[in-house]
$ cat data.pdb   # PDB, C-alpha atoms and all ligand atoms
ATOM      1  CA  MET A  87       2.642  25.934   3.764
ATOM      2  CA  LYS A  88       0.070  23.714   5.440
ATOM      3  CA  ILE A  89       0.304  19.928   5.120
ATOM      4  CA  ASP A  90      -2.217  17.473   6.602
ATOM      5  CA  ILE A  91      -1.706  13.715   6.634
ATOM      6  CA  VAL A  92      -4.538  11.297   7.408
ATOM      7  CA  THR A  93      -3.418   7.844   8.542
ATOM      8  CA  ILE A  94      -4.244   4.984  10.883
ATOM      9  CA  PHE A  95      -0.584   5.048  12.052
ATOM     10  CA  PRO A  96       0.167   8.657  13.059
ATOM     11  CA  GLY A  97       3.382   7.603  14.815
ATOM     12  CA  MET A  98       4.723   6.216  11.575
ATOM     13  CA  VAL A  99       4.740   9.639   9.906
ATOM     14  CA  GLY A 100       5.058  12.054  12.829
ATOM     15  CA  ALA A 101       8.410  10.820  14.132
ATOM     16  CA  PRO A 102      10.398  10.775  10.854
ATOM     17  CA  LEU A 103       9.118  14.224   9.888
ATOM     18  CA  ALA A 104      10.292  15.640  13.217
ATOM     19  CA  GLU A 105      13.921  15.045  12.158
ATOM     20  CA  GLY A 106      16.291  16.624   9.663
ATOM     21  CA  ILE A 107      15.395  19.261   7.114
ATOM     22  CA  VAL A 108      11.623  18.770   7.371
ATOM     23  CA  GLY A 109      11.776  18.850  11.177
ATOM     24  CA  ARG A 110      13.659  22.132  11.027
ATOM     25  CA  ALA A 111      11.167  23.575   8.528
ATOM     26  CA  ILE A 112       8.356  22.718  10.930
ATOM     27  CA  GLY A 113      10.273  24.166  13.878
ATOM     28  CA  ARG A 114      10.796  27.422  11.987
ATOM     29  CA  GLY A 115       7.139  27.648  10.999
ATOM     30  CA  LEU A 116       7.807  27.287   7.262
ATOM     31  CA  VAL A 117       5.794  24.080   7.156
ATOM     32  CA  ASP A 118       2.695  23.692   9.307
ATOM     33  CA  LEU A 119       2.205  19.922   9.532
ATOM     34  CA  GLN A 120      -0.713  18.156  11.178
ATOM     35  CA  VAL A 121      -1.058  14.403  11.352
ATOM     36  CA  HIS A 122      -4.599  13.090  11.846
ATOM     37  CA  ASP A 123      -5.473   9.689  13.249
ATOM     38  CA  LEU A 124      -8.177   8.281  10.969
ATOM     39  CA  ARG A 125      -9.711   6.466  13.937
ATOM     40  CA  ASP A 126     -10.586   9.823  15.504
ATOM     41  CA  TYR A 127     -13.107  10.254  12.684
ATOM     42  CA  THR A 128     -15.021   7.042  13.306
ATOM     43  CA  THR A 129     -18.313   7.140  15.199
ATOM     44  CA  ASP A 130     -18.553   3.584  16.560
ATOM     45  CA  ARG A 131     -17.264   2.347  19.868
ATOM     46  CA  HIS A 132     -14.588   0.137  18.284
ATOM     47  CA  ARG A 133     -13.296   2.915  16.011
ATOM     48  CA  VAL A 134     -13.530   0.700  12.940
ATOM     49  CA  VAL A 135     -11.928   2.117   9.770
ATOM     50  CA  ASP A 136     -12.164  -0.897   7.438
ATOM     51  CA  ASP A 137     -14.691  -3.368   6.110
ATOM     52  CA  MET A 138     -14.925  -6.378   3.781
ATOM     53  CA  PRO A 139     -14.883  -5.740   0.031
ATOM     54  CA  PHE A 140     -18.225  -5.923  -1.775
ATOM     55  CA  GLY A 141     -18.077  -8.833  -4.216
ATOM     56  CA  GLY A 142     -15.848 -10.868  -1.920
ATOM     57  CA  GLY A 143     -12.149 -11.548  -2.013
ATOM     58  CA  PRO A 144      -9.341 -11.347   0.499
ATOM     59  CA  GLY A 145      -8.403  -8.455   2.743
ATOM     60  CA  MET A 146     -10.158  -5.370   3.973
ATOM     61  CA  VAL A 147     -10.883  -1.979   2.463
ATOM     62  CA  LEU A 148     -10.732   1.440   4.144
ATOM     63  CA  LYS A 149     -14.296   2.713   4.576
ATOM     64  CA  PRO A 150     -15.227   6.038   2.991
ATOM     65  CA  GLU A 151     -16.969   7.732   5.954
ATOM     66  CA  PRO A 152     -13.962   8.322   8.271
ATOM     67  CA  LEU A 153     -11.853   9.675   5.392
ATOM     68  CA  PHE A 154     -14.592  12.060   4.236
ATOM     69  CA  ARG A 155     -15.173  13.139   7.816
ATOM     70  CA  ALA A 156     -11.444  13.708   8.394
ATOM     71  CA  VAL A 157     -11.235  15.960   5.331
ATOM     72  CA  ASP A 158     -14.413  17.837   6.396
ATOM     73  CA  GLU A 159     -12.724  18.501   9.718
ATOM     74  CA  ILE A 160      -9.514  19.663   8.021
ATOM     75  CA  ARG A 161     -11.613  22.042   5.867
ATOM     76  CA  ALA A 162     -13.388  23.413   8.913
ATOM     77  CA  ARG A 163     -10.286  23.868  11.045
ATOM     78  CA  ARG A 164      -7.562  24.582   8.501
ATOM     79  CA  GLY A 165      -9.355  25.711   5.337
ATOM     80  CA  GLN A 166      -9.937  24.053   1.972
ATOM     81  CA  PRO A 167      -6.780  22.206   0.823
ATOM     82  CA  ASP A 168      -5.532  23.151  -2.653
ATOM     83  CA  ALA A 169      -4.788  19.491  -3.333
ATOM     84  CA  ILE A 170      -6.040  16.283  -1.707
ATOM     85  CA  VAL A 171      -3.638  13.511  -2.640
ATOM     86  CA  LEU A 172      -4.582   9.853  -2.387
ATOM     87  CA  THR A 173      -1.504   7.625  -2.156
ATOM     88  CA  SER A 174      -2.065   4.712  -4.490
ATOM     89  CA  PRO A 175       0.138   2.312  -6.463
ATOM     90  CA  ASP A 176      -2.159   2.792  -9.464
ATOM     91  CA  GLY A 177      -1.904   6.589  -9.296
ATOM     92  CA  ARG A 178       0.194   8.746 -11.573
ATOM     93  CA  ARG A 179       3.902   8.378 -10.900
ATOM     94  CA  PHE A 180       5.144  11.079  -8.491
ATOM     95  CA  THR A 181       8.000  13.089 -10.025
ATOM     96  CA  HIS A 182      10.070  16.145  -9.208
ATOM     97  CA  ARG A 183       7.640  18.209 -11.288
ATOM     98  CA  ASP A 184       4.808  17.162  -8.947
ATOM     99  CA  ALA A 185       6.959  18.093  -5.955
ATOM    100  CA  GLU A 186       7.510  21.552  -7.473
ATOM    101  CA  ARG A 187       3.820  21.964  -8.276
ATOM    102  CA  LEU A 188       2.627  20.865  -4.832
ATOM    103  CA  SER A 189       5.276  22.888  -2.975
ATOM    104  CA  ALA A 190       3.925  26.038  -4.650
ATOM    105  CA  LEU A 191       0.466  25.434  -3.126
ATOM    106  CA  GLY A 192      -0.578  26.816   0.220
ATOM    107  CA  HIS A 193      -2.217  23.677   1.570
ATOM    108  CA  VAL A 194      -1.893  19.987   0.681
ATOM    109  CA  ALA A 195      -3.680  17.044   2.332
ATOM    110  CA  ILE A 196      -2.432  13.474   1.897
ATOM    111  CA  LEU A 197      -4.558  10.384   2.507
ATOM    112  CA  CYS A 198      -2.796   7.126   3.414
ATOM    113  CA  GLY A 199      -4.421   3.888   2.287
ATOM    114  CA  ARG A 200      -3.989   0.532   4.028
ATOM    115  CA  TYR A 201      -4.998  -3.132   3.593
ATOM    116  CA  GLU A 202      -6.340  -3.846   0.090
ATOM    117  CA  GLY A 203      -6.780  -0.140  -0.508
ATOM    118  CA  VAL A 204      -9.432   2.530  -0.193
ATOM    119  CA  ASP A 205     -13.120   2.634  -1.138
ATOM    120  CA  GLU A 206     -13.196   3.961  -4.715
ATOM    121  CA  ARG A 207     -15.546   6.808  -3.773
ATOM    122  CA  VAL A 208     -12.652   8.462  -1.937
ATOM    123  CA  ARG A 209     -10.819   8.672  -5.204
ATOM    124  CA  LEU A 210     -13.877   9.702  -7.184
ATOM    125  CA  ALA A 211     -15.252  12.401  -4.909
ATOM    126  CA  LEU A 212     -12.669  13.356  -2.287
ATOM    127  CA  ALA A 213      -9.139  13.160  -3.691
ATOM    128  CA  THR A 214      -8.095  15.699  -6.312
ATOM    129  CA  GLU A 215      -5.346  13.354  -7.535
ATOM    130  CA  ALA A 216      -3.832   9.921  -6.887
ATOM    131  CA  LEU A 217      -0.044   9.574  -6.778
ATOM    132  CA  SER A 218       2.221   6.520  -6.757
ATOM    133  CA  ILE A 219       5.848   6.634  -5.612
ATOM    134  CA  GLY A 220       6.852   3.785  -7.942
ATOM    135  CA  ASP A 221       5.907   0.502  -9.514
ATOM    136  CA  TYR A 222       5.865  -1.614  -6.373
ATOM    137  CA  VAL A 223       3.401  -2.090  -3.546
ATOM    138  CA  VAL A 224       4.179  -1.133   0.042
ATOM    139  CA  SER A 225       1.847  -1.982   2.920
ATOM    140  CA  GLY A 226       0.388   1.468   3.400
ATOM    141  CA  GLY A 227       0.348   5.069   2.275
ATOM    142  CA  GLU A 228       2.535   6.255   5.174
ATOM    143  CA  LEU A 229       5.937   5.706   3.542
ATOM    144  CA  PRO A 230       4.694   7.202   0.248
ATOM    145  CA  ALA A 231       3.314  10.194   2.198
ATOM    146  CA  LEU A 232       6.722  10.666   3.864
ATOM    147  CA  VAL A 233       8.451  10.588   0.495
ATOM    148  CA  ILE A 234       6.010  13.103  -0.958
ATOM    149  CA  VAL A 235       6.128  15.461   2.055
ATOM    150  CA  ASP A 236       9.926  15.402   2.195
ATOM    151  CA  ALA A 237      10.248  16.099  -1.528
ATOM    152  CA  ILE A 238       7.730  18.965  -1.279
ATOM    153  CA  ALA A 239       9.027  20.519   1.952
ATOM    154  CA  ARG A 240      12.614  20.900   0.787
ATOM    155  CA  LEU A 241      11.371  22.996  -2.141
ATOM    156  CA  VAL A 242       9.480  25.447   0.069
ATOM    157  CA  PRO A 243      11.506  28.689  -0.056
ATOM    158  CA  GLY A 244      13.813  29.041   2.935
ATOM    159  CA  VAL A 245      13.657  25.382   4.000
ATOM    160  CA  VAL A 246      16.959  24.321   2.455
ATOM    161  CA  GLY A 247      19.448  27.012   3.490
ATOM    162  CA  ASP A 248      21.431  27.267   0.305
ATOM    163  CA  ASP A 249      18.790  27.756  -2.422
ATOM    164  CA  GLU A 250      21.401  26.806  -4.948
ATOM    165  CA  SER A 251      21.706  23.284  -3.734
ATOM    166  CA  VAL A 252      18.032  22.579  -4.361
ATOM    167  CA  ALA A 253      18.151  24.170  -7.808
ATOM    168  CA  ARG A 254      21.161  22.024  -8.692
ATOM    169  CA  ASP A 255      19.801  18.694  -7.463
ATOM    170  CA  THR A 256      19.223  15.748  -9.707
ATOM    171  CA  PHE A 257      15.979  16.282 -11.679
ATOM    172  CA  ALA A 258      15.653  19.971 -10.740
ATOM    173  CA  ARG A 259      17.412  20.886 -13.972
ATOM    174  CA  GLY A 260      16.206  17.778 -15.775
ATOM    175  CA  LEU A 261      19.682  16.246 -15.527
ATOM    176  CA  LEU A 262      21.222  13.850 -13.038
ATOM    177  CA  ASP A 263      23.605  15.525 -10.603
ATOM    178  CA  PHE A 264      27.377  15.524 -11.213
ATOM    179  CA  PRO A 265      29.610  13.379  -8.968
ATOM    180  CA  GLN A 266      30.656  14.883  -5.641
ATOM    181  CA  TYR A 267      33.927  14.382  -3.790
ATOM    182  CA  THR A 268      35.208  15.547  -0.425
ATOM    183  CA  ARG A 269      38.470  15.112   1.441
ATOM    184  CA  PRO A 270      40.795  13.224   1.363
ATOM    185  CA  ALA A 271      42.020  13.985  -2.165
ATOM    186  CA  GLU A 272      43.349  10.423  -2.370
ATOM    187  CA  PHE A 273      41.659   7.474  -0.718
ATOM    188  CA  ARG A 274      42.647   3.809  -1.134
ATOM    189  CA  GLY A 275      44.393   4.636  -4.380
ATOM    190  CA  MET A 276      41.432   6.593  -5.807
ATOM    191  CA  ARG A 277      42.237  10.174  -6.636
ATOM    192  CA  VAL A 278      39.734  12.994  -6.892
ATOM    193  CA  PRO A 279      39.693  14.362 -10.471
ATOM    194  CA  ASP A 280      42.466  16.964 -10.815
ATOM    195  CA  VAL A 281      40.164  19.650 -12.139
ATOM    196  CA  LEU A 282      38.286  19.784  -8.811
ATOM    197  CA  LEU A 283      41.539  20.530  -6.995
ATOM    198  CA  SER A 284      42.633  23.110  -9.574
ATOM    199  CA  GLY A 285      40.704  26.113  -8.262
ATOM    200  CA  HIS A 286      39.675  27.059 -11.836
ATOM    201  CA  HIS A 287      36.008  27.796 -11.351
ATOM    202  CA  ARG A 288      35.111  28.000 -15.043
ATOM    203  CA  GLU A 289      36.784  24.666 -15.728
ATOM    204  CA  ILE A 290      35.141  23.099 -12.703
ATOM    205  CA  GLU A 291      31.731  24.307 -13.887
ATOM    206  CA  ARG A 292      32.359  22.915 -17.351
ATOM    207  CA  TRP A 293      33.552  19.580 -15.965
ATOM    208  CA  ARG A 294      30.459  19.336 -13.757
ATOM    209  CA  ARG A 295      28.124  20.151 -16.632
ATOM    210  CA  ARG A 296      29.881  17.580 -18.793
ATOM    211  CA  GLU A 297      29.723  14.909 -16.083
ATOM    212  CA  ALA A 298      26.028  15.627 -15.450
ATOM    213  CA  LEU A 299      25.327  15.253 -19.167
ATOM    214  CA  ALA A 300      27.510  12.116 -19.400
ATOM    215  CA  ARG A 301      25.744  10.432 -16.489
ATOM    216  CA  THR A 302      22.334  11.320 -17.805
ATOM    217  CA  LEU A 303      23.250  10.021 -21.268
ATOM    218  CA  GLU A 304      24.527   6.800 -19.742
ATOM    219  CA  ARG A 305      21.905   6.116 -17.076
ATOM    220  CA  ARG A 306      18.772   8.074 -17.994
ATOM    221  CA  PRO A 307      18.803   8.978 -21.697
ATOM    222  CA  ASP A 308      15.000   9.354 -21.476
ATOM    223  CA  LEU A 309      15.516  12.567 -19.456
ATOM    224  CA  LEU A 310      17.488  14.185 -22.274
ATOM    225  CA  GLU A 311      14.565  13.936 -24.651
ATOM    226  CA  GLN A 312      12.448  16.282 -22.521
ATOM    227  CA  LEU A 313      15.182  18.844 -22.034
ATOM    228  CA  GLN A 314      15.838  22.268 -23.576
ATOM    229  CA  LEU A 315      19.613  22.315 -24.121
ATOM    230  CA  ASP A 316      21.637  25.394 -24.988
ATOM    231  CA  ASP A 317      24.251  25.310 -27.766
ATOM    232  CA  ASP A 318      27.118  24.578 -25.371
ATOM    233  CA  ASP A 319      25.264  21.586 -23.951
ATOM    234  CA  LYS A 320      24.359  20.321 -27.405
ATOM    235  CA  ALA A 321      28.011  20.470 -28.434
ATOM    236  CA  LEU A 322      29.073  18.697 -25.210
ATOM    237  CA  LEU A 323      26.444  16.045 -25.739
ATOM    238  CA  GLN A 324      27.545  15.417 -29.290
ATOM    239  CA  GLU A 325      31.126  15.045 -28.114
ATOM    240  CA  LEU A 326      29.990  12.578 -25.431
ATOM    241  CA  ARG A 327      27.961  10.553 -27.926
ATOM    242  CA  ARG A 328      30.934  10.332 -30.272
ATOM    243  CA  GLU A 329      33.156   9.224 -27.383
ATOM    244  CA  ARG A 330      30.663   6.541 -26.466
ATOM    245  CA  GLU A 331      30.513   5.265 -30.030
ATOM    246  CA  ARG A 332      34.286   5.149 -30.219
ATOM    247  CA  SER A 333      34.586   3.159 -26.995
ATOM    248  CA  GLY A 334      31.704   0.909 -28.046
ATOM    249  CA  ALA A 335      29.697   1.727 -24.915
ATOM    250  CA  SER A 336      26.253   0.229 -25.038
ATOM    251  CA  GLY A 337      24.648   1.015 -21.756
ATOM    252  CA  GLU A 338      26.844  -1.196 -19.569
ATOM    253  CA  GLY A 339      29.612   0.925 -18.133
ATOM    254  CA  ARG A 340      29.760   2.444 -14.711
ATOM    255  CA  ALA A 341      27.144   1.536 -12.153
TER     256      ALA A 341
HETATM  257  N1  LIG A 401      -4.406  -3.809  -3.451
HETATM  258  C1  LIG A 401      -3.759  -2.595  -3.842
HETATM  259  C2  LIG A 401      -2.550  -2.308  -2.956
HETATM  260  C3  LIG A 401      -2.918  -1.748  -1.632
HETATM  261  S1  LIG A 401      -1.513  -1.351  -0.700
HETATM  262  C4  LIG A 401      -3.263  -2.739  -5.258
HETATM  263  O1  LIG A 401      -2.933  -3.831  -5.679
HETATM  264  O2  LIG A 401      -3.190  -1.705  -5.954
HETATM  265  C5  LIG A 401      -2.236  -0.397   0.575
HETATM  266  C6  LIG A 401      -2.043   1.084   0.463
HETATM  267  O3  LIG A 401      -0.672   1.388   0.438
HETATM  268  C7  LIG A 401      -2.619   1.744  -0.772
HETATM  269  O4  LIG A 401      -3.975   2.036  -0.599
HETATM  270  C8  LIG A 401      -1.784   3.010  -0.874
HETATM  271  O5  LIG A 401      -2.285   4.027  -0.038
HETATM  272  C9  LIG A 401      -0.448   2.563  -0.321
HETATM  273  N2  LIG A 401       0.543   2.244  -1.376
HETATM  274  C10 LIG A 401       1.071   1.036  -1.625
HETATM  275  N3  LIG A 401       1.989   1.099  -2.622
HETATM  276  C11 LIG A 401       2.042   2.395  -3.002
HETATM  277  C12 LIG A 401       2.794   3.112  -3.981
HETATM  278  N4  LIG A 401       3.666   2.504  -4.791
HETATM  279  N5  LIG A 401       2.597   4.443  -4.092
HETATM  280  C13 LIG A 401       1.707   5.078  -3.295
HETATM  281  N6  LIG A 401       0.966   4.454  -2.363
HETATM  282  C14 LIG A 401       1.125   3.129  -2.202
END
$ encode --input "data.pdb" --output "structure tokens"
Amino acid sequence: MKIDIVTIFPGMVGAPLAEGIVGRAIGRGLVDLQVHDLRDYTTDRHRVVDDMPFGGGPGMVLKPEPLFRAVDEIRARRGQPDAIVLTSPDGRRFTHRDAERLSALGHVAILCGRYEGVDERVRLALATEALSIGDYVVSGGELPALVIVDAIARLVPGVVGDDESVARDTFARGLLDFPQYTRPAEFRGMRVPDVLLSGHHREIERWRRREALARTLERRPDLLEQLQLDDDDKALLQELRRERERSGASGEGRA
């Protein structure tokens, strides 16, 4: 898939994406990433990308012309993107479902804001959607773009070697992931649950399913409301709820 990122700090996104799983995906040609320096799309000698806000107030605003020109250039050289994402703290909250949706597209462009934000006409007439990575403000769209690209790229078929591990991740199934352990079996007095050492695959699967449900019930009960559970899961969940009532759990509990 093709991904284009438009930013005033190309080095801030290029280097991290050259490492790890995304770096490998790029190396193997599964992800075709291009990072564009917004200043290359200015026409003045000083390569100015920002200006004062109309109506006054502090800070600067990214001008519309370089962003529109950058996307025109991407269209001409790389084709029309299927989605043009504006990173914005007032956008819709980015979730795993968005990552799945975007990873199924052939071409996604991401625009990184800076300063006080971006001229509204970019959102109105250029971006196809605005996404926020959470209810906090960071200084620019580069870190959000990295989060979005990483989450998308690992869902592109073939990028993560073992397809299973992506399908099993937290949120992929609508549940939090079960706890993982590795060697040693005992560490500073803490023993790995016996069932994991037992070699009984059916029991291990059941334990994992139960732990995933238990964690989700404890930490993210909101996720359970949106989930289609089969009869086994419903029975497990009922058992877990009864256990919680008996022990008087009320949301405190394990971290
Ligand atoms: N004044 C703006 C914040 C601008 S922060 C406001 O109060 O809404 C500068 C840029 O950083 C934004 O244009 C956006 O591209 C990016 N950004 C900051 N926080 C973000 C978040 N939570 N999600 C996505 N992008 C964010």
$ resolve_selection --input "data.pdb" --expression "the PyMOL selection byres (((chain A and resi 87) around 12) and not hetatm)" --output "MDAnalysis selection string"
chainID A and resid 88:90 111:112 114:120 164 167:168 188:195 235 238:245
$ closest_residue --input "data.pdb" --among "A:Asp126, A:Glu215, A:Glu289, A:Glu304" --to "ligand LIG 401 (chain A)" --atoms "all atoms listed in the file"
A:Glu215
$ atom_distance --input "data.pdb" --atom1 "atom N5 of ligand LIG 401 (chain A)" --atom2 "atom CA of Ser174 of chain A"
4.7 Å
$ resolve_selection --input "data.pdb" --expression "the PyMOL selection byres (((not hetatm)) within 6 of (chain A and resi 401))" --output "ChimeraX atom specification"
/A:173-176,198-204,217-227,230
$ atom_distance --input "data.pdb" --atom1 "atom CA of Leu309 of chain A" --atom2 "atom CA of His182 of chain A"
12.1 Å
$ resolve_selection --input "data.pdb" --expression "the PyMOL selection byres (((chain A and resi 123) around 12) and not hetatm)" --output "JSON, numbers by chain"
{"A": [90, 91, 92, 93, 94, 95, 96, 97, 98, 99, 100, 120, 121, 122, 124, 125, 126, 127, 128, 133, 135, 152, 153, 155, 156, 157, 159, 160, 197, 198, 228]}
$ residues_around --input "data.pdb" --residues "segment 209-214 of chain A" --least-positions-apart "5" --cutoff "6 Å" --atoms "all atoms listed in the file" --output "PyMOL selection string"
chain A and resi 169-172
$ closest_residue --input "data.pdb" --among "A:Asp318, A:Asp205, A:Asp263, A:Arg330" --to "Met146 of chain A" --atoms "all atoms listed in the file"
A:Asp205
$ decode --input "data.pdb" --residues "segment 112-139 of chain A" --atoms "N, CA and C atoms" --output "PDB file, in the first residue's frame"
ATOM      1  N   ILE A 112       8.578  -1.744   4.594  1.00  0.00           N
ATOM      2  CA  ILE A 112       9.012  -0.835   3.526  1.00  0.00           C
ATOM      3  C   ILE A 112      10.118  -1.501   2.706  1.00  0.00           C
ATOM      4  N   GLY A 113      11.066  -2.104   3.414  1.00  0.00           N
ATOM      5  CA  GLY A 113      12.178  -2.790   2.745  1.00  0.00           C
ATOM      6  C   GLY A 113      11.702  -3.894   1.810  1.00  0.00           C
ATOM      7  N   ARG A 114      10.619  -4.561   2.204  1.00  0.00           N
ATOM      8  CA  ARG A 114      10.109  -5.675   1.388  1.00  0.00           C
ATOM      9  C   ARG A 114       9.095  -5.211   0.345  1.00  0.00           C
ATOM     10  N   GLY A 115       8.864  -3.901   0.285  1.00  0.00           N
ATOM     11  CA  GLY A 115       7.971  -3.377  -0.745  1.00  0.00           C
ATOM     12  C   GLY A 115       6.489  -3.551  -0.438  1.00  0.00           C
ATOM     13  N   LEU A 116       6.160  -3.944   0.803  1.00  0.00           N
ATOM     14  CA  LEU A 116       4.743  -4.115   1.147  1.00  0.00           C
ATOM     15  C   LEU A 116       4.102  -2.766   1.454  1.00  0.00           C
ATOM     16  N   VAL A 117       4.922  -1.854   1.940  1.00  0.00           N
ATOM     17  CA  VAL A 117       4.458  -0.482   2.184  1.00  0.00           C
ATOM     18  C   VAL A 117       5.383   0.445   1.403  1.00  0.00           C
ATOM     19  N   ASP A 118       4.766   1.316   0.604  1.00  0.00           N
ATOM     20  CA  ASP A 118       5.526   2.277  -0.188  1.00  0.00           C
ATOM     21  C   ASP A 118       5.305   3.648   0.464  1.00  0.00           C
ATOM     22  N   LEU A 119       6.276   4.042   1.303  1.00  0.00           N
ATOM     23  CA  LEU A 119       6.123   5.265   2.096  1.00  0.00           C
ATOM     24  C   LEU A 119       6.895   6.415   1.476  1.00  0.00           C
ATOM     25  N   GLN A 120       6.243   7.572   1.359  1.00  0.00           N
ATOM     26  CA  GLN A 120       6.975   8.782   0.975  1.00  0.00           C
ATOM     27  C   GLN A 120       6.659   9.888   1.968  1.00  0.00           C
ATOM     28  N   VAL A 121       7.724  10.543   2.417  1.00  0.00           N
ATOM     29  CA  VAL A 121       7.569  11.648   3.355  1.00  0.00           C
ATOM     30  C   VAL A 121       7.859  12.936   2.593  1.00  0.00           C
ATOM     31  N   HIS A 122       6.951  13.903   2.673  1.00  0.00           N
ATOM     32  CA  HIS A 122       7.077  15.134   1.899  1.00  0.00           C
ATOM     33  C   HIS A 122       7.308  16.317   2.832  1.00  0.00           C
ATOM     34  N   ASP A 123       8.321  17.097   2.519  1.00  0.00           N
ATOM     35  CA  ASP A 123       8.599  18.301   3.296  1.00  0.00           C
ATOM     36  C   ASP A 123       7.663  19.412   2.821  1.00  0.00           C
ATOM     37  N   LEU A 124       6.797  19.868   3.722  1.00  0.00           N
ATOM     38  CA  LEU A 124       5.796  20.877   3.337  1.00  0.00           C
ATOM     39  C   LEU A 124       6.454  22.114   2.725  1.00  0.00           C
ATOM     40  N   ARG A 125       7.660  22.425   3.193  1.00  0.00           N
ATOM     41  CA  ARG A 125       8.340  23.629   2.690  1.00  0.00           C
ATOM     42  C   ARG A 125       8.683  23.529   1.196  1.00  0.00           C
ATOM     43  N   ASP A 126       8.771  22.306   0.692  1.00  0.00           N
ATOM     44  CA  ASP A 126       9.038  22.139  -0.743  1.00  0.00           C
ATOM     45  C   ASP A 126       7.857  22.616  -1.586  1.00  0.00           C
ATOM     46  N   TYR A 127       6.722  22.845  -0.965  1.00  0.00           N
ATOM     47  CA  TYR A 127       5.524  23.238  -1.712  1.00  0.00           C
ATOM     48  C   TYR A 127       5.160  24.702  -1.483  1.00  0.00           C
ATOM     49  N   THR A 128       6.135  25.458  -0.955  1.00  0.00           N
ATOM     50  CA  THR A 128       5.952  26.903  -0.845  1.00  0.00           C
ATOM     51  C   THR A 128       6.501  27.531  -2.129  1.00  0.00           C
ATOM     52  N   THR A 129       6.148  28.801  -2.364  1.00  0.00           N
ATOM     53  CA  THR A 129       6.646  29.428  -3.598  1.00  0.00           C
ATOM     54  C   THR A 129       7.500  30.651  -3.305  1.00  0.00           C
ATOM     55  N   ASP A 130       7.579  31.047  -2.012  1.00  0.00           N
ATOM     56  CA  ASP A 130       8.355  32.247  -1.679  1.00  0.00           C
ATOM     57  C   ASP A 130       9.779  31.874  -1.307  1.00  0.00           C
ATOM     58  N   ARG A 131      10.625  32.873  -1.315  1.00  0.00           N
ATOM     59  CA  ARG A 131      12.044  32.645  -1.074  1.00  0.00           C
ATOM     60  C   ARG A 131      12.317  32.084   0.325  1.00  0.00           C
ATOM     61  N   HIS A 132      11.491  32.491   1.306  1.00  0.00           N
ATOM     62  CA  HIS A 132      11.745  32.063   2.685  1.00  0.00           C
ATOM     63  C   HIS A 132      11.024  30.761   3.036  1.00  0.00           C
ATOM     64  N   ARG A 133      10.328  30.196   2.073  1.00  0.00           N
ATOM     65  CA  ARG A 133       9.635  28.911   2.274  1.00  0.00           C
ATOM     66  C   ARG A 133       8.712  28.947   3.488  1.00  0.00           C
ATOM     67  N   VAL A 134       7.876  29.975   3.527  1.00  0.00           N
ATOM     68  CA  VAL A 134       7.007  30.188   4.693  1.00  0.00           C
ATOM     69  C   VAL A 134       5.772  29.288   4.622  1.00  0.00           C
ATOM     70  N   VAL A 135       5.510  28.550   5.714  1.00  0.00           N
ATOM     71  CA  VAL A 135       4.355  27.637   5.729  1.00  0.00           C
ATOM     72  C   VAL A 135       3.242  28.110   6.665  1.00  0.00           C
ATOM     73  N   ASP A 136       3.519  29.168   7.470  1.00  0.00           N
ATOM     74  CA  ASP A 136       2.532  29.571   8.472  1.00  0.00           C
ATOM     75  C   ASP A 136       2.263  31.065   8.395  1.00  0.00           C
ATOM     76  N   ASP A 137       1.183  31.471   9.049  1.00  0.00           N
ATOM     77  CA  ASP A 137       0.832  32.889   9.065  1.00  0.00           C
ATOM     78  C   ASP A 137      -0.018  33.162  10.306  1.00  0.00           C
ATOM     79  N   MET A 138      -0.238  34.460  10.602  1.00  0.00           N
ATOM     80  CA  MET A 138      -0.988  34.819  11.805  1.00  0.00           C
ATOM     81  C   MET A 138      -2.471  34.499  11.625  1.00  0.00           C
ATOM     82  N   PRO A 139      -3.145  34.155  12.733  1.00  0.00           N
ATOM     83  CA  PRO A 139      -4.574  33.832  12.601  1.00  0.00           C
ATOM     84  C   PRO A 139      -5.412  35.091  12.340  1.00  0.00           C
TER      85      PRO A 139
END
